[in-house]
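Text of data34.cif (mmCIF, C-alpha atoms) as supplied:
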data_data
loop_
_atom_site.label_atom_id
_atom_site.label_comp_id
_atom_site.auth_asym_id
_atom_site.auth_seq_id
_atom_site.Cartn_x
_atom_site.Cartn_y
_atom_site.Cartn_z
CA MET A 1 28.88 -25.31 1.74
CA ASP A 2 28.18 -27.12 -1.53
CA ARG A 3 27.47 -24.45 -4.15
CA SER A 4 27.19 -26.87 -7.10
CA ASN A 5 23.43 -26.51 -7.15
CA GLU A 6 23.47 -22.72 -6.92
CA THR A 7 20.89 -21.07 -9.18
CA SER A 8 22.42 -18.97 -11.95
CA PRO A 9 21.19 -15.36 -12.09
CA MET A 10 20.48 -15.89 -15.79
CA MET A 11 18.05 -18.69 -14.94
CA GLY A 12 15.91 -16.49 -12.75
CA PHE A 13 12.96 -17.69 -10.71
CA ILE A 14 9.71 -19.49 -11.43
CA LEU A 15 6.57 -17.91 -9.97
CA LEU A 16 4.16 -20.59 -8.83
CA GLY A 17 1.13 -18.33 -8.34
CA LEU A 18 -2.12 -20.29 -8.46
CA SER A 19 -0.83 -22.94 -10.87
CA ALA A 20 -1.87 -25.60 -8.34
CA HIS A 21 -5.45 -24.29 -8.63
CA PRO A 22 -6.06 -23.86 -12.40
CA LYS A 23 -9.83 -23.46 -11.96
CA LEU A 24 -9.27 -20.33 -9.89
CA GLU A 25 -6.84 -18.70 -12.34
CA LYS A 26 -9.39 -17.60 -14.97
CA THR A 27 -11.79 -16.29 -12.35
CA PHE A 28 -9.10 -14.30 -10.56
CA PHE A 29 -7.65 -13.05 -13.85
CA VAL A 30 -10.94 -11.32 -14.70
CA LEU A 31 -11.49 -10.16 -11.12
CA ILE A 32 -7.98 -8.71 -10.65
CA LEU A 33 -8.02 -7.09 -14.10
CA LEU A 34 -11.30 -5.30 -13.32
CA MET A 35 -9.98 -4.20 -9.91
CA TYR A 36 -6.77 -2.90 -11.51
CA LEU A 37 -8.77 -0.83 -14.01
CA VAL A 38 -10.84 0.58 -11.13
CA ILE A 39 -7.60 1.45 -9.28
CA LEU A 40 -6.19 3.29 -12.29
CA LEU A 41 -9.48 5.09 -12.99
CA GLY A 42 -10.38 5.94 -9.38
CA ASN A 43 -6.96 7.13 -8.28
CA GLY A 44 -6.38 8.89 -11.60
CA ILE A 45 -9.63 10.84 -11.25
CA LEU A 46 -8.79 11.72 -7.64
CA ILE A 47 -5.38 13.09 -8.68
CA LEU A 48 -6.93 15.04 -11.56
CA VAL A 49 -9.73 16.52 -9.47
CA THR A 50 -7.46 17.63 -6.62
CA LEU A 51 -5.08 19.21 -9.12
CA LEU A 52 -7.70 21.09 -11.16
CA ASP A 53 -9.82 22.41 -8.28
CA SER A 54 -8.03 25.31 -6.56
CA HIS A 55 -10.11 24.77 -3.40
CA LEU A 56 -8.34 21.42 -2.94
CA HIS A 57 -4.82 22.87 -3.05
CA THR A 58 -4.32 22.20 0.65
CA PRO A 59 -1.88 19.96 2.59
CA MET A 60 -4.51 17.25 3.12
CA TYR A 61 -5.23 16.89 -0.59
CA PHE A 62 -1.54 17.17 -1.45
CA PHE A 63 -0.95 14.10 0.72
CA LEU A 64 -4.00 12.45 -0.84
CA ARG A 65 -2.57 12.99 -4.34
CA ASN A 66 0.65 11.36 -3.19
CA LEU A 67 -1.33 8.44 -1.75
CA SER A 68 -3.27 7.96 -4.99
CA PHE A 69 -0.11 8.14 -7.11
CA LEU A 70 1.57 5.68 -4.72
CA ASP A 71 -1.34 3.22 -5.03
CA ILE A 72 -1.08 3.38 -8.83
CA CYS A 73 2.69 2.73 -8.66
CA TYR A 74 2.31 -0.04 -6.09
CA THR A 75 -0.27 -2.01 -8.04
CA THR A 76 1.47 -1.43 -11.37
CA SER A 77 4.65 -2.94 -9.90
CA SER A 78 2.87 -6.24 -9.23
CA VAL A 79 -0.56 -6.61 -10.89
CA PRO A 80 0.68 -7.02 -14.52
CA LEU A 81 3.01 -9.76 -13.26
CA ILE A 82 0.15 -11.40 -11.35
CA LEU A 83 -2.13 -11.30 -14.41
CA ASP A 84 0.63 -12.80 -16.56
CA SER A 85 1.14 -15.61 -14.02
CA PHE A 86 -2.55 -16.51 -14.37
CA LEU A 87 -2.10 -16.92 -18.14
CA THR A 88 1.36 -18.51 -18.07
CA PRO A 89 1.79 -21.59 -15.85
CA ARG A 90 5.02 -21.45 -13.85
CA LYS A 91 5.92 -17.96 -15.05
CA THR A 92 9.69 -17.35 -15.29
CA ILE A 93 11.15 -14.04 -14.15
CA PHE A 94 14.81 -13.01 -14.43
CA PHE A 95 16.81 -12.04 -11.36
CA SER A 96 17.06 -8.40 -12.44
CA ALA A 97 13.31 -8.11 -13.06
CA CYS A 98 12.65 -9.86 -9.75
CA ALA A 99 14.91 -7.38 -7.95
CA VAL A 100 13.17 -4.39 -9.55
CA GLN A 101 9.71 -5.73 -8.70
CA MET A 102 10.78 -6.51 -5.12
CA PHE A 103 12.25 -3.01 -4.72
CA LEU A 104 9.17 -1.23 -6.06
CA SER A 105 6.72 -3.23 -3.93
CA PHE A 106 8.79 -2.79 -0.77
CA ALA A 107 9.39 0.91 -1.45
CA MET A 108 5.72 1.65 -2.10
CA GLY A 109 4.58 -0.29 0.98
CA ALA A 110 7.09 1.42 3.30
CA THR A 111 6.31 4.83 1.80
CA GLU A 112 2.59 4.35 2.39
CA CYS A 113 3.21 3.52 6.07
CA VAL A 114 5.09 6.80 6.56
CA LEU A 115 2.71 8.81 4.39
CA LEU A 116 -0.33 7.67 6.39
CA SER A 117 1.38 8.88 9.58
CA MET A 118 2.11 12.24 7.91
CA MET A 119 -1.58 12.49 7.01
CA ALA A 120 -2.49 11.72 10.63
CA PHE A 121 -0.24 14.58 11.78
CA ASP A 122 -1.96 16.89 9.29
CA ARG A 123 -5.38 15.98 10.74
CA TYR A 124 -4.03 16.39 14.29
CA VAL A 125 -2.87 19.94 13.62
CA ALA A 126 -6.06 20.83 11.71
CA ILE A 127 -8.36 19.71 14.55
CA CYS A 128 -6.28 20.26 17.69
CA ASN A 129 -4.49 23.47 16.65
CA PRO A 130 -6.63 25.01 13.88
CA LEU A 131 -5.35 28.57 14.40
CA ARG A 132 -1.75 27.47 13.89
CA TYR A 133 -2.56 25.15 10.99
CA PRO A 134 -1.54 27.57 8.18
CA VAL A 135 1.82 28.14 9.88
CA VAL A 136 2.58 24.57 10.98
CA MET A 137 1.43 22.99 7.72
CA SER A 138 2.87 25.52 5.29
CA LYS A 139 4.12 24.44 1.87
CA ALA A 140 7.69 24.60 3.18
CA VAL A 141 6.69 21.90 5.68
CA TYR A 142 4.27 19.52 3.96
CA VAL A 143 6.25 19.14 0.71
CA PRO A 144 9.41 17.94 2.53
CA MET A 145 7.20 15.68 4.68
CA ALA A 146 5.90 13.93 1.57
CA ALA A 147 9.33 13.85 -0.07
CA GLY A 148 10.79 12.39 3.12
CA SER A 149 8.18 9.62 3.04
CA TRP A 150 9.20 8.65 -0.49
CA ALA A 151 12.91 8.88 0.35
CA ALA A 152 12.56 6.74 3.49
CA GLY A 153 10.62 4.06 1.61
CA SER A 154 13.17 4.01 -1.22
CA ILE A 155 16.14 3.77 1.15
CA THR A 156 14.76 0.82 3.14
CA ALA A 157 13.71 -0.92 -0.09
CA THR A 158 17.23 -0.51 -1.48
CA VAL A 159 18.73 -2.03 1.67
CA GLN A 160 16.30 -4.98 1.85
CA THR A 161 16.46 -5.76 -1.87
CA SER A 162 20.25 -5.58 -2.07
CA LEU A 163 20.63 -7.86 0.97
CA ALA A 164 18.14 -10.38 -0.46
CA MET A 165 19.47 -10.50 -4.02
CA ARG A 166 23.09 -10.91 -2.92
CA LEU A 167 22.26 -14.29 -1.36
CA PRO A 168 23.14 -17.53 -3.17
CA PHE A 169 20.08 -19.49 -4.31
CA CYS A 170 20.58 -23.23 -4.59
CA GLY A 171 18.49 -26.00 -6.10
CA ASP A 172 14.80 -25.19 -6.19
CA ASN A 173 14.19 -21.76 -7.76
CA VAL A 174 10.40 -21.87 -7.50
CA ILE A 175 8.82 -18.94 -5.62
CA ASN A 176 5.54 -20.02 -4.06
CA HIS A 177 3.91 -16.66 -4.67
CA PHE A 178 2.47 -14.39 -7.38
CA THR A 179 5.43 -12.00 -7.29
CA CYS A 180 8.96 -11.73 -5.93
CA GLU A 181 7.72 -11.28 -2.38
CA ILE A 182 10.81 -10.94 -0.20
CA LEU A 183 9.88 -13.59 2.40
CA ALA A 184 9.13 -16.13 -0.34
CA VAL A 185 12.48 -15.37 -2.02
CA LEU A 186 14.44 -15.69 1.25
CA LYS A 187 13.09 -19.25 1.67
CA LEU A 188 15.09 -20.24 -1.43
CA ALA A 189 18.44 -19.00 -0.11
CA CYS A 190 21.11 -21.57 0.72
CA ALA A 191 23.01 -19.29 3.08
CA ASP A 192 22.57 -17.74 6.51
CA ILE A 193 19.77 -15.16 6.34
CA SER A 194 20.07 -13.91 9.91
CA ILE A 195 21.21 -10.46 8.71
CA ASN A 196 18.17 -10.28 6.42
CA VAL A 197 15.86 -11.26 9.26
CA ILE A 198 17.37 -8.69 11.63
CA SER A 199 17.19 -5.92 9.01
CA MET A 200 13.56 -6.76 8.27
CA VAL A 201 12.68 -6.74 11.97
CA VAL A 202 14.28 -3.29 12.30
CA ALA A 203 12.44 -2.10 9.17
CA ASN A 204 9.13 -3.43 10.52
CA VAL A 205 9.63 -1.58 13.80
CA ILE A 206 10.47 1.67 11.98
CA PHE A 207 7.89 1.48 9.19
CA LEU A 208 5.07 -0.39 10.93
CA GLY A 209 5.46 -0.03 14.68
CA VAL A 210 6.45 3.65 14.85
CA PRO A 211 3.77 4.88 12.38
CA VAL A 212 1.06 2.86 14.16
CA LEU A 213 2.03 4.38 17.51
CA PHE A 214 2.23 7.86 15.98
CA ILE A 215 -1.19 7.51 14.32
CA SER A 216 -2.71 6.06 17.50
CA PHE A 217 -1.46 8.92 19.68
CA SER A 218 -2.58 11.45 17.06
CA TYR A 219 -6.12 10.09 17.09
CA VAL A 220 -6.23 9.95 20.89
CA PHE A 221 -5.64 13.71 20.93
CA ILE A 222 -8.01 14.22 17.96
CA LEU A 223 -10.86 12.31 19.64
CA ALA A 224 -10.24 14.11 22.95
CA THR A 225 -10.48 17.46 21.15
CA ILE A 226 -13.61 16.45 19.23
CA LEU A 227 -15.37 15.30 22.42
CA ARG A 228 -14.73 18.72 23.97
CA ILE A 229 -16.62 20.47 21.16
CA PRO A 230 -19.94 21.59 22.71
CA SER A 231 -22.26 21.18 19.71
CA ALA A 232 -23.13 17.85 18.09
CA GLU A 233 -22.94 19.48 14.65
CA GLY A 234 -19.44 20.73 15.41
CA ARG A 235 -18.30 17.29 16.56
CA LYS A 236 -19.76 15.70 13.44
CA LYS A 237 -18.07 18.22 11.16
CA ALA A 238 -14.70 17.80 12.90
CA PHE A 239 -14.86 14.00 12.78
CA SER A 240 -15.87 14.02 9.10
CA THR A 241 -12.56 15.68 8.20
CA CYS A 242 -10.58 12.67 9.45
CA SER A 243 -13.02 9.75 9.12
CA ALA A 244 -11.84 8.84 5.60
CA HIS A 245 -8.19 8.75 6.67
CA LEU A 246 -9.05 6.70 9.76
CA THR A 247 -10.98 4.20 7.63
CA VAL A 248 -8.05 3.82 5.21
CA VAL A 249 -5.62 3.35 8.13
CA ILE A 250 -7.79 0.62 9.71
CA ILE A 251 -8.09 -1.28 6.41
CA PHE A 252 -4.37 -0.90 5.58
CA TYR A 253 -2.92 -1.91 8.95
CA GLY A 254 -5.74 -4.33 9.78
CA THR A 255 -4.97 -6.37 6.67
CA ILE A 256 -1.23 -6.41 7.49
CA LEU A 257 -1.84 -7.53 11.07
CA PHE A 258 -4.26 -10.24 9.93
CA MET A 259 -1.89 -11.40 7.19
CA TYR A 260 1.18 -11.79 9.41
CA GLY A 261 -0.40 -12.28 12.83
CA LYS A 262 -2.62 -15.30 12.30
CA PRO A 263 -1.39 -18.72 13.62
CA LYS A 264 0.26 -21.20 11.27
CA SER A 265 -1.22 -24.64 10.70
CA LYS A 266 0.95 -27.70 11.49
CA ASP A 267 -1.31 -30.16 9.67
CA PRO A 268 -0.07 -30.81 6.07
CA LEU A 269 -3.59 -30.65 4.63
CA GLY A 270 -4.33 -27.54 6.63
CA ALA A 271 -1.01 -26.05 5.55
CA ASP A 272 -2.01 -26.38 1.87
CA LYS A 273 -5.29 -24.59 2.52
CA GLN A 274 -3.50 -21.95 4.56
CA ASP A 275 -0.96 -21.48 1.78
CA LEU A 276 -3.82 -20.70 -0.62
CA ALA A 277 -5.43 -18.42 1.97
CA ASP A 278 -2.13 -16.55 2.49
CA LYS A 279 -1.84 -15.91 -1.24
CA LEU A 280 -5.43 -14.64 -1.50
CA ILE A 281 -5.00 -12.39 1.56
CA SER A 282 -1.80 -11.01 0.03
CA LEU A 283 -3.78 -10.38 -3.15
CA PHE A 284 -6.43 -8.53 -1.13
CA TYR A 285 -3.77 -6.38 0.51
CA GLY A 286 -2.13 -5.57 -2.82
CA VAL A 287 -5.23 -4.87 -4.90
CA VAL A 288 -8.37 -4.31 -2.85
CA THR A 289 -6.90 -1.72 -0.47
CA PRO A 290 -5.65 0.61 -3.27
CA MET A 291 -9.03 0.19 -4.97
CA LEU A 292 -10.94 1.21 -1.83
CA ASN A 293 -8.87 4.32 -1.04
CA PRO A 294 -10.32 6.64 -3.74
CA ILE A 295 -13.81 5.24 -3.13
CA ILE A 296 -13.56 5.98 0.60
CA TYR A 297 -12.19 9.49 0.06
CA SER A 298 -14.85 10.22 -2.56
CA LEU A 299 -17.85 8.90 -0.64
CA ARG A 300 -16.86 10.36 2.73
CA ASN A 301 -15.57 13.73 1.55
CA LYS A 302 -17.96 16.52 0.56
CA ASP A 303 -15.18 18.65 -0.95
CA VAL A 304 -14.09 15.90 -3.34
CA LYS A 305 -17.68 15.13 -4.36
CA ALA A 306 -18.33 18.84 -4.97
CA ALA A 307 -15.13 19.13 -7.02
CA VAL A 308 -16.14 16.14 -9.17
CA ARG A 309 -19.60 17.65 -9.78
CA ASN A 310 -18.03 21.00 -10.73
CA LEU A 311 -15.62 19.28 -13.11
CA VAL A 312 -18.45 17.34 -14.77
CA SER A 313 -20.69 20.43 -15.04
CA GLN A 314 -17.85 22.47 -16.56
CA LYS A 315 -17.26 19.74 -19.13
CA HIS A 316 -20.94 19.71 -20.10
CA PHE A 317 -20.98 23.52 -20.25
CA THR A 318 -17.99 23.67 -22.62
CA GLN A 319 -19.63 21.09 -24.87
#

I need this file expressed as C-alpha cells, please.
Amino acid sequence: MDRSNETSPMMGFILLGLSAHPKLEKTFFVLILLMYLVILLGNGILILVTLLDSHLHTPMYFFLRNLSFLDICYTTSSVPLILDSFLTPRKTIFFSACAVQMFLSFAMGATECVLLSMMAFDRYVAICNPLRYPVVMSKAVYVPMAAGSWAAGSITATVQTSLAMRLPFCGDNVINHFTCEILAVLKLACADISINVISMVVANVIFLGVPVLFISFSYVFILATILRIPSAEGRKKAFSTCSAHLTVVIIFYGTILFMYGKPKSKDPLGADKQDLADKLISLFYGVVTPMLNPIIYSLRNKDVKAAVRNLVSQKHFTQ
C-alpha cells in the first residue's frame, strides 16, 4: 500500500459542516445556539428540582437526573464544535481533539441506550410488581444499574474510538460532517476497515438491538398489567407514570431508525440533497431530542410540576 499520502496526525481533519450551504449557516447558528441554551437550562432545572425536593428522591428520578446530565454532556461534546463550524468555513480539528469528541459522543449515545432500558425496567417493576418495588429497586440496586450504564457506554466508546483512530488516513482529510462522526471518519481511512465494521455491528446489536427488545418486552407486560386494572382512573394513573419515558424512547429510537434505515439515493443530484438531509437529521438527533426530554418530563409529570411550583414559591417567600 502506498502510504506517501498518509495524513499526519498533526494536520488533523477539516470539518465540512454546511460550508456548501453558506446561506443556511447563519440561520442554523442562531437556531442551534438557542436550542443549546434551552438544553442547558431545561436539563439543569430538572436536575436541580429532583435534587432539592425530597419527594423526588426515588429510583425513577435518580435515573432522570442521570439522563438530564447525560444530555448536557452529549450536547456539550458536539454543539460548541458545530457552532464554531458555522462561523469558521472548513473548520480544522486536531486528531487528539477529534478522538476526544468522537469518544464523548459515542459514550453518551451508548450510555443513553442502556439507561433508557434501565428506566423501562424501573417502570416495569413499579407497575407490574408494586409491592416488591422498594425491595427490587433499592438504592443498592439502582445506583449500580446507572453506574453500569455509564461504564458500558465508556467501554464501547473506548474500543470504537481506539480502533478508528489507529487507522491510517491518506489523501483527503475532509470530514463531510459537523463533528468527528465515526462513520464519516472511517470513510477517510486508506486501510481495511472490516474489523471496525464488525465491531460496530456488534456494538449496535448490544446497545441498540438488545435495549429495544428489553424495552419492548417491558412495555408489553406494563400494558397488559394496566389493561387488567378495573377502573379507568386507575389505568390512567398507571399509564401516566410511564408515558413520559415511553415518549422519550419513541423519539430517541425513532430518530435513529429513520436516520440509518432510510434508502440511499443513487442519483448524483439526489445524493447531494440526501447528504444535506442526513446532516440535518443528525443535527435533530443530537440537539432536538435532548431539548425535548426535560420538556416532556415536565409537562407530563405532575410530581415535577409540583416540585417546580414549590421551589418557585419558596424562593418568593424567602425574598

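Among the candidate residues A:Leu186, A:Ala203, A:Ala244, A:Ile39, the one lying nearest to A:Leu116 is A:Ala244, with distances computed using all atoms listed in the file.
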
Residues selected by the PyMOL selection byres ((chain A and resi 48) around 12), written as a short mmCIF file (atom, residue, chain, number, x, y, z; two decimals) with C-alpha atoms, keeping the file's coordinate frame:
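File produced: part03.cif:
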data_model
loop_
_atom_site.label_atom_id
_atom_site.label_comp_id
_atom_site.auth_asym_id
_atom_site.auth_seq_id
_atom_site.Cartn_x
_atom_site.Cartn_y
_atom_site.Cartn_z
CA LEU A 40 -6.19 3.29 -12.29
CA LEU A 41 -9.48 5.09 -12.99
CA GLY A 42 -10.38 5.94 -9.38
CA ASN A 43 -6.96 7.13 -8.28
CA GLY A 44 -6.38 8.89 -11.60
CA ILE A 45 -9.63 10.84 -11.25
CA LEU A 46 -8.79 11.72 -7.64
CA ILE A 47 -5.38 13.09 -8.68
CA VAL A 49 -9.73 16.52 -9.47
CA THR A 50 -7.46 17.63 -6.62
CA LEU A 51 -5.08 19.21 -9.12
CA LEU A 52 -7.70 21.09 -11.16
CA ASP A 53 -9.82 22.41 -8.28
CA SER A 54 -8.03 25.31 -6.56
CA LEU A 56 -8.34 21.42 -2.94
CA HIS A 57 -4.82 22.87 -3.05
CA TYR A 61 -5.23 16.89 -0.59
CA PHE A 62 -1.54 17.17 -1.45
CA LEU A 64 -4.00 12.45 -0.84
CA ARG A 65 -2.57 12.99 -4.34
CA ASN A 66 0.65 11.36 -3.19
CA SER A 68 -3.27 7.96 -4.99
CA PHE A 69 -0.11 8.14 -7.11
CA PRO A 294 -10.32 6.64 -3.74
CA VAL A 304 -14.09 15.90 -3.34
CA ALA A 307 -15.13 19.13 -7.02
CA VAL A 308 -16.14 16.14 -9.17
CA LEU A 311 -15.62 19.28 -13.11
#

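Residue nearest A:Lys187 within the list A:Leu167, A:Val249, A:Leu115, A:Leu33: A:Leu167 [criterion: smallest interatomic distance, only C-alpha atoms].
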
Exercise for the section: Spell out the residues picked by the PyMOL selection byres ((chain A and resi 184) around 12) here, as number ranges by chain. Expected result: A: 13-17, 98, 102, 164, 173-183, 185-189, 275, 278-279

Handout entry: For A:Val136, the nearest of the candidates A:Ser78, A:Pro59, A:Val248, A:Asp71, counting only C-alpha atoms
Key =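 Under the stated criterion, the closest residue is A:Pro59.
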
Problem - A:Lys26 surroundings by only C-alpha atoms, 12 Å radius, close-in-sequence under 4 positions cut, as a list in words - result: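 Near A:Lys26, the qualifying residues are Leu18, Ser19, His21, Pro22, Val30, Leu31, Ile32, Leu33, Ile82, Leu83, Asp84, Ser85, Phe86, Leu87, Thr88 and Pro89 of chain A.
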
Problem - Nearest to A:Lys302, chosen from A:Cys170, A:Val197, A:Ser240, A:Ser96, with all atoms listed in the file counted in the distances - result: A:Ser240

Exercise for the section: Taking the file as shown, find all residues satisfying the PyMOL selection byres ((chain A and resi 223-231) around 12) and write them as a ChimeraX atom specification. Expected result: /A:123-130,216-222,232-243,246

Handout entry: Nearest residue to A:Met165 from the set A:Asn196, A:Ile93, A:Ser138, A:Asn293 (distances using all atoms listed in the file)
Key = A:Asn196

Problem - From A:Tyr142, A:Leu208, A:Met60, A:Phe94, residue lying nearest A:Asn301 [all atoms listed in the file] - result: A:Met60

Completion exercise
Taken to one decimal, the atom CA of A:Gly109-atom CA of A:Leu37 distance is 20.1 Å

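One finds atom CA of A:Pro168 at 26.0 Å from atom CA of A:Ser282.
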
Practice task
Please measure the separation of atom CA of A:Thr289 and atom CA of A:Ala152, giving the value in Å to one decimal.
Solution key: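 We find that atom CA of A:Thr289 and atom CA of A:Ala152 lie 21.6 Å from each other.
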
Excluding same-chain residues fewer than 3 positions from A:Gln160, what lies within 8 Å of it counting all atoms listed in the file, as a compact mmCIF listing (two decimals) with C-alpha atoms, in the coordinates of the input?
# COMPACT_ATOMS: atom_id res chain seq x y z
CA PHE A 103 12.25 -3.01 -4.72
CA THR A 156 14.76 0.82 3.14
CA ALA A 157 13.71 -0.92 -0.09
CA LEU A 163 20.63 -7.86 0.97
CA ALA A 164 18.14 -10.38 -0.46
CA ASN A 196 18.17 -10.28 6.42
CA SER A 199 17.19 -5.92 9.01
CA MET A 200 13.56 -6.76 8.27
